[in-house]
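Working notes, beginning with the structure itself.
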Amino acid sequence: MAATRSEARLRRRSQAALPRSFYERPVTVVARALIGCVLAHGDCAGLIVETEAYHQSEPACHAYVGYTERTSTLFGPPGLAYVYRSYGIHALFNAVCEPEGVGAAVLVRALQPLAGQALMRARRGVSAELALCSGPGKLTQALGIELAANRCDLREGPVRVLGRADGADSPRVAAGPRIGITKAAELPWRFALAGSRYLSRPLPASGLARARHAR
DNA sequence: CATGGGATTGACT
DNA sequence: GTCAATCCCATGC
């Protein structure tokens with residue numbers, strides 16, 4: 001199995017899969033910490049540039065309704081994938097957070113493609129790199145992540161999340177209100193890599209100032 | 001068992 | 001800017 005150029009590039013950008021303890025923290029902390037990490041599936045991978053936090057205590061979170069078959073993943077152990085179908089069409093990818101028994105997850109909303117761009121273009125049916133993973137439904141389509149990945153252990157795959165490379169500068173992270181929700185829309189629980197061109201949408205101008213804190 | 005509402009996207013006015 | 005596509009699931013009869 002020969003190492004491709006993109007695999008070599010990926011190794012420089014990231015390292016090992018994140019431990020369970022990384023996810024077993026307040027969900028807004030994890031949402032911010034995931035910026036600059038890598039999401040990978042098969043030959044495709046991308047730098048996480050945009051996330052949102054969801055917690056059982058607020059009504060925008062699926063876990064708000066309590067423990068059901070659907071939300072059981074959210075209440076399960078941290079470090080697993082929660083993948084669900086949105087608007088009947090798109091699969092949305094989340095990383096389950098907080099201790100087992102607490103319903104919370106980080107939605108990954110956008111990636112900067114790092115590897116497998118040709119396959120991403122084929123799956124997406126578009127050529128512009130900026131359009132490959134600039135939205136939560138787009139990135140799952142580009143990486144080939146489907147509902148079968150629900151409950152997948154992100155340390156083992158097939159869908160994996162890798163930590164930032166050693167020595168990499170801490171990314172500047174901006175915060176703002178979450179997108180596309182009607183409930184608890186005021187919480188500044190959306191996080192983005194400051195200045196990234198790969199976001200699903202730009203952040204409000206006040207984003208960097210608000211980045212200082214949330215939760 | 002029927003119904004309604006989405007953590008979206010892309011096409012179209 | 002508006003709007004339909006399309007399916008999963010929570011809720012209520």
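Labeling convention for the structure tokens: chains A, B, ... as they appear, residues from 1 per chain, ligands from 1 in order of appearance.
For chain C, the residues within 12 Å of chain A are DA4, DA5, DT6, DC7, DC8, DC9, DA10 and DT11 of chain C, with only C-alpha atoms (C1' of nucleotides) used to measure distance.
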Find the residues near Thr71 of chain A: any atom within 12 Å, counting only C-alpha atoms (C1' of nucleotides), skip ones fewer than 5 places away on the same chain, and give them as a compact mmCIF listing (two decimals) with all heavy atoms, in the first residue's frame.
```
# COMPACT_ATOMS: atom_id res chain seq x y z
N HIS A 55 -26.31 20.98 23.40
CA HIS A 55 -26.35 20.40 24.75
C HIS A 55 -27.79 20.17 25.17
O HIS A 55 -28.67 20.98 24.87
CB HIS A 55 -25.66 21.36 25.74
CG HIS A 55 -25.51 20.81 27.11
ND1 HIS A 55 -26.48 20.94 28.08
CD2 HIS A 55 -24.49 20.12 27.68
CE1 HIS A 55 -26.06 20.36 29.20
NE2 HIS A 55 -24.86 19.86 28.98
N GLN A 56 -28.04 19.09 25.86
CA GLN A 56 -29.40 18.69 26.26
C GLN A 56 -30.17 19.77 27.01
O GLN A 56 -31.40 19.73 27.06
CB GLN A 56 -29.33 17.44 27.15
CG GLN A 56 -28.62 17.68 28.49
CD GLN A 56 -28.60 16.42 29.35
OE1 GLN A 56 -27.90 15.47 29.07
NE2 GLN A 56 -29.42 16.41 30.39
N CYS A 61 -31.09 21.31 20.76
CA CYS A 61 -30.39 20.02 20.78
C CYS A 61 -31.40 18.87 20.70
O CYS A 61 -32.42 18.88 21.37
CB CYS A 61 -29.58 19.89 22.07
SG CYS A 61 -28.62 18.37 22.19
N HIS A 62 -31.09 17.89 19.88
CA HIS A 62 -31.99 16.73 19.77
C HIS A 62 -32.20 16.06 21.13
O HIS A 62 -33.26 15.51 21.39
CB HIS A 62 -31.43 15.71 18.78
CG HIS A 62 -31.46 16.19 17.36
ND1 HIS A 62 -30.83 15.54 16.33
CD2 HIS A 62 -32.05 17.28 16.81
CE1 HIS A 62 -31.04 16.19 15.20
NE2 HIS A 62 -31.77 17.25 15.47
N ALA A 63 -31.17 16.12 21.99
CA ALA A 63 -31.25 15.45 23.29
C ALA A 63 -32.17 16.18 24.26
O ALA A 63 -32.45 15.67 25.35
CB ALA A 63 -29.85 15.31 23.90
N TYR A 64 -32.65 17.36 23.88
CA TYR A 64 -33.54 18.15 24.75
C TYR A 64 -34.79 17.36 25.12
O TYR A 64 -35.34 17.52 26.21
CB TYR A 64 -33.91 19.45 24.04
CG TYR A 64 -34.72 20.42 24.87
CD1 TYR A 64 -34.15 21.10 25.93
CD2 TYR A 64 -36.06 20.67 24.57
CE1 TYR A 64 -34.88 22.00 26.69
CE2 TYR A 64 -36.81 21.58 25.30
CZ TYR A 64 -36.21 22.24 26.37
OH TYR A 64 -36.93 23.13 27.10
N VAL A 65 -35.25 16.52 24.22
CA VAL A 65 -36.47 15.74 24.46
C VAL A 65 -36.24 14.58 25.41
O VAL A 65 -37.19 13.91 25.80
CB VAL A 65 -37.06 15.19 23.15
CG1 VAL A 65 -37.42 16.33 22.21
CG2 VAL A 65 -36.11 14.22 22.47
N GLY A 66 -34.99 14.35 25.76
CA GLY A 66 -34.70 13.24 26.65
C GLY A 66 -34.19 12.02 25.91
O GLY A 66 -33.87 12.09 24.73
N GLY A 76 -24.77 8.52 24.94
CA GLY A 76 -23.79 7.45 25.08
C GLY A 76 -22.40 7.97 25.39
O GLY A 76 -22.22 9.15 25.71
N TYR A 82 -22.24 10.84 15.98
CA TYR A 82 -23.71 10.90 15.91
C TYR A 82 -24.02 11.43 14.52
O TYR A 82 -23.68 12.57 14.19
CB TYR A 82 -24.26 11.84 16.99
CG TYR A 82 -25.74 12.17 16.84
CD1 TYR A 82 -26.70 11.16 16.75
CD2 TYR A 82 -26.17 13.50 16.81
CE1 TYR A 82 -28.04 11.47 16.62
CE2 TYR A 82 -27.52 13.81 16.69
CZ TYR A 82 -28.45 12.80 16.60
OH TYR A 82 -29.79 13.11 16.47
N VAL A 83 -24.61 10.59 13.69
CA VAL A 83 -24.94 10.98 12.31
C VAL A 83 -26.44 10.82 12.12
O VAL A 83 -26.99 9.76 12.43
CB VAL A 83 -24.19 10.11 11.28
CG1 VAL A 83 -24.48 10.59 9.87
CG2 VAL A 83 -22.68 10.13 11.55
N TYR A 84 -27.08 11.85 11.66
CA TYR A 84 -28.54 11.77 11.45
C TYR A 84 -28.91 12.42 10.13
O TYR A 84 -28.12 13.15 9.53
CB TYR A 84 -29.27 12.46 12.61
CG TYR A 84 -29.17 13.96 12.58
CD1 TYR A 84 -30.17 14.74 12.00
CD2 TYR A 84 -28.05 14.61 13.11
CE1 TYR A 84 -30.07 16.11 11.96
CE2 TYR A 84 -27.95 15.99 13.07
CZ TYR A 84 -28.96 16.73 12.50
OH TYR A 84 -28.85 18.09 12.45
N VAL A 96 -19.95 13.05 19.66
CA VAL A 96 -20.61 13.02 20.97
C VAL A 96 -19.63 13.47 22.05
O VAL A 96 -18.47 13.06 22.05
CB VAL A 96 -21.13 11.59 21.27
CG1 VAL A 96 -21.71 11.52 22.68
CG2 VAL A 96 -22.17 11.18 20.23
N GLY A 101 -24.23 9.70 29.68
CA GLY A 101 -25.39 10.08 30.46
C GLY A 101 -25.81 11.52 30.22
O GLY A 101 -26.93 11.91 30.50
N VAL A 102 -24.88 12.33 29.68
CA VAL A 102 -25.19 13.71 29.30
C VAL A 102 -25.34 13.75 27.79
O VAL A 102 -24.48 13.26 27.06
CB VAL A 102 -24.08 14.68 29.74
CG1 VAL A 102 -24.40 16.10 29.29
CG2 VAL A 102 -23.88 14.63 31.24
N GLY A 103 -26.45 14.32 27.30
CA GLY A 103 -26.70 14.38 25.86
C GLY A 103 -26.10 15.63 25.27
O GLY A 103 -26.61 16.73 25.46
N ALA A 104 -25.02 15.48 24.51
CA ALA A 104 -24.36 16.65 23.92
C ALA A 104 -23.48 16.21 22.76
O ALA A 104 -22.96 15.09 22.76
CB ALA A 104 -23.51 17.37 24.96
N ALA A 105 -23.33 17.10 21.77
CA ALA A 105 -22.49 16.77 20.63
C ALA A 105 -22.05 18.04 19.91
O ALA A 105 -22.68 19.09 20.03
CB ALA A 105 -23.24 15.86 19.66
N ASN A 150 -23.24 6.22 12.20
CA ASN A 150 -23.72 6.56 13.54
C ASN A 150 -23.14 5.59 14.56
O ASN A 150 -23.10 4.39 14.32
CB ASN A 150 -25.24 6.49 13.57
CG ASN A 150 -25.84 7.11 14.81
OD1 ASN A 150 -25.35 8.14 15.30
ND2 ASN A 150 -26.88 6.49 15.35
N ARG A 151 -22.68 6.11 15.66
CA ARG A 151 -22.07 5.32 16.75
C ARG A 151 -20.67 4.82 16.45
O ARG A 151 -20.09 4.08 17.25
CB ARG A 151 -22.95 4.12 17.14
CG ARG A 151 -24.22 4.52 17.86
CD ARG A 151 -24.95 3.28 18.37
NE ARG A 151 -26.05 3.64 19.24
CZ ARG A 151 -25.92 4.02 20.50
NH1 ARG A 151 -24.73 4.07 21.05
NH2 ARG A 151 -26.98 4.34 21.22
P DC C 9 -34.54 7.42 12.82
OP1 DC C 9 -33.20 7.25 13.40
OP2 DC C 9 -35.35 6.26 12.43
O5' DC C 9 -35.40 8.30 13.81
C5' DC C 9 -35.02 9.65 14.05
C4' DC C 9 -36.18 10.39 14.68
O4' DC C 9 -37.16 10.74 13.68
C3' DC C 9 -36.93 9.54 15.72
O3' DC C 9 -37.27 10.38 16.78
C2' DC C 9 -38.19 9.14 14.97
C1' DC C 9 -38.43 10.41 14.19
N1 DC C 9 -39.39 10.31 13.07
C2 DC C 9 -40.19 11.40 12.76
O2 DC C 9 -40.06 12.44 13.41
N3 DC C 9 -41.09 11.29 11.76
C4 DC C 9 -41.19 10.15 11.08
N4 DC C 9 -42.08 10.08 10.10
C5 DC C 9 -40.39 9.02 11.38
C6 DC C 9 -39.50 9.14 12.38
P DA C 10 -36.97 9.92 18.28
OP1 DA C 10 -35.57 10.23 18.55
OP2 DA C 10 -37.51 8.56 18.46
O5' DA C 10 -37.88 10.95 19.08
C5' DA C 10 -37.73 12.34 18.80
C4' DA C 10 -39.04 13.06 18.96
O4' DA C 10 -39.87 12.87 17.78
C3' DA C 10 -39.86 12.61 20.15
O3' DA C 10 -40.41 13.75 20.76
C2' DA C 10 -40.95 11.72 19.51
C1' DA C 10 -41.14 12.36 18.16
N9 DA C 10 -41.54 11.43 17.10
C8 DA C 10 -41.09 10.16 16.89
N7 DA C 10 -41.62 9.56 15.85
C5 DA C 10 -42.49 10.52 15.34
C6 DA C 10 -43.36 10.50 14.24
N6 DA C 10 -43.50 9.46 13.41
N1 DA C 10 -44.08 11.62 13.99
C2 DA C 10 -43.94 12.66 14.82
N3 DA C 10 -43.15 12.79 15.89
C4 DA C 10 -42.45 11.67 16.10
```
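A straight line drawn from atom CA of Leu107 of chain A to atom C1' of DT2 of chain C is 27.0 Å long.
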Contact residues around segment 140-145 of chain A with only C-alpha atoms (C1' of nucleotides) at 12 Å, ignoring same-chain residues under 3 positions, as a ChimeraX atom specification: /A:39-46,81-86,89-94,107-127,129-137,148-150,152,157-160 /B:8-9
Pairwise distance for atom CA of Ala17 of chain A and atom CA of Gly163 of chain A, rounded to one decimal in Å: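 We find that atom CA of Ala17 of chain A and atom CA of Gly163 of chain A lie 5.9 Å from each other.
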Polymer residues at most 12 Å from Ser21 of chain A, only C-alpha atoms (C1' of nucleotides), same-chain spacing of 3 or more positions, as a PDB file with N, CA, C and O atoms, in the first residue's frame:
```pdb
ATOM      1  N   ALA A  17      -5.320   9.881  16.672  1.00  0.00           N
ATOM      2  CA  ALA A  17      -6.726  10.079  17.009  1.00  0.00           C
ATOM      3  C   ALA A  17      -6.819  10.640  18.418  1.00  0.00           C
ATOM      4  O   ALA A  17      -5.999  10.336  19.284  1.00  0.00           O
ATOM      5  N   LEU A  18      -7.804  11.482  18.663  1.00  0.00           N
ATOM      6  CA  LEU A  18      -7.979  12.100  19.973  1.00  0.00           C
ATOM      7  C   LEU A  18      -8.528  11.091  20.976  1.00  0.00           C
ATOM      8  O   LEU A  18      -9.395  10.281  20.633  1.00  0.00           O
ATOM      9  N   GLU A  24     -14.725  14.189  26.586  1.00  0.00           N
ATOM     10  CA  GLU A  24     -15.451  14.104  27.849  1.00  0.00           C
ATOM     11  C   GLU A  24     -15.313  15.408  28.636  1.00  0.00           C
ATOM     12  O   GLU A  24     -14.901  15.423  29.791  1.00  0.00           O
ATOM     13  N   ARG A  25     -15.609  16.523  27.998  1.00  0.00           N
ATOM     14  CA  ARG A  25     -15.505  17.861  28.574  1.00  0.00           C
ATOM     15  C   ARG A  25     -16.734  18.647  28.153  1.00  0.00           C
ATOM     16  O   ARG A  25     -17.507  18.189  27.302  1.00  0.00           O
ATOM     17  N   PRO A  26     -16.911  19.860  28.715  1.00  0.00           N
ATOM     18  CA  PRO A  26     -18.052  20.685  28.297  1.00  0.00           C
ATOM     19  C   PRO A  26     -18.083  20.823  26.774  1.00  0.00           C
ATOM     20  O   PRO A  26     -17.041  21.058  26.152  1.00  0.00           O
ATOM     21  N   VAL A  30     -15.117  21.554  23.747  1.00  0.00           N
ATOM     22  CA  VAL A  30     -14.719  20.608  22.704  1.00  0.00           C
ATOM     23  C   VAL A  30     -14.957  21.212  21.315  1.00  0.00           C
ATOM     24  O   VAL A  30     -14.127  21.064  20.411  1.00  0.00           O
ATOM     25  N   PRO A  77     -21.416   7.087  25.313  1.00  0.00           N
ATOM     26  CA  PRO A  77     -20.051   7.479  25.648  1.00  0.00           C
ATOM     27  C   PRO A  77     -19.510   8.541  24.702  1.00  0.00           C
ATOM     28  O   PRO A  77     -19.849   8.550  23.521  1.00  0.00           O
ATOM     29  N   PRO A  78     -18.671   9.459  25.202  1.00  0.00           N
ATOM     30  CA  PRO A  78     -18.080  10.488  24.348  1.00  0.00           C
ATOM     31  C   PRO A  78     -17.085   9.873  23.368  1.00  0.00           C
ATOM     32  O   PRO A  78     -16.554   8.790  23.603  1.00  0.00           O
ATOM     33  N   GLY A  79     -16.881  10.597  22.251  1.00  0.00           N
ATOM     34  CA  GLY A  79     -15.920  10.125  21.261  1.00  0.00           C
ATOM     35  C   GLY A  79     -16.525   9.248  20.193  1.00  0.00           C
ATOM     36  O   GLY A  79     -15.811   8.680  19.374  1.00  0.00           O
ATOM     37  N   LEU A  80     -17.875   9.122  20.187  1.00  0.00           N
ATOM     38  CA  LEU A  80     -18.543   8.387  19.123  1.00  0.00           C
ATOM     39  C   LEU A  80     -19.139   9.383  18.129  1.00  0.00           C
ATOM     40  O   LEU A  80     -19.345  10.545  18.443  1.00  0.00           O
ATOM     41  N   VAL A  96     -19.952  13.050  19.655  1.00  0.00           N
ATOM     42  CA  VAL A  96     -20.609  13.019  20.966  1.00  0.00           C
ATOM     43  C   VAL A  96     -19.628  13.467  22.051  1.00  0.00           C
ATOM     44  O   VAL A  96     -18.467  13.055  22.055  1.00  0.00           O
ATOM     45  N   CYS A  97     -20.124  14.332  22.952  1.00  0.00           N
ATOM     46  CA  CYS A  97     -19.266  14.909  23.992  1.00  0.00           C
ATOM     47  C   CYS A  97     -19.874  14.745  25.385  1.00  0.00           C
ATOM     48  O   CYS A  97     -20.984  14.243  25.530  1.00  0.00           O
ATOM     49  N   GLU A  98     -19.118  15.226  26.376  1.00  0.00           N
ATOM     50  CA  GLU A  98     -19.514  15.211  27.787  1.00  0.00           C
ATOM     51  C   GLU A  98     -19.594  13.752  28.288  1.00  0.00           C
ATOM     52  O   GLU A  98     -19.609  12.824  27.503  1.00  0.00           O
ATOM     53  N   PRO A  99     -19.620  13.603  29.612  1.00  0.00           N
ATOM     54  CA  PRO A  99     -19.627  12.241  30.162  1.00  0.00           C
ATOM     55  C   PRO A  99     -20.854  11.453  29.709  1.00  0.00           C
ATOM     56  O   PRO A  99     -21.884  12.040  29.387  1.00  0.00           O
ATOM     57  N   GLU A 100     -20.731  10.147  29.691  1.00  0.00           N
ATOM     58  CA  GLU A 100     -21.852   9.277  29.357  1.00  0.00           C
ATOM     59  C   GLU A 100     -23.029   9.618  30.269  1.00  0.00           C
ATOM     60  O   GLU A 100     -22.849   9.848  31.463  1.00  0.00           O
ATOM     61  N   ARG A 155     -12.025   7.177  17.345  1.00  0.00           N
ATOM     62  CA  ARG A 155     -10.608   6.842  17.509  1.00  0.00           C
ATOM     63  C   ARG A 155     -10.222   5.696  16.580  1.00  0.00           C
ATOM     64  O   ARG A 155      -9.058   5.492  16.282  1.00  0.00           O
TER      65      ARG A 155
END
```
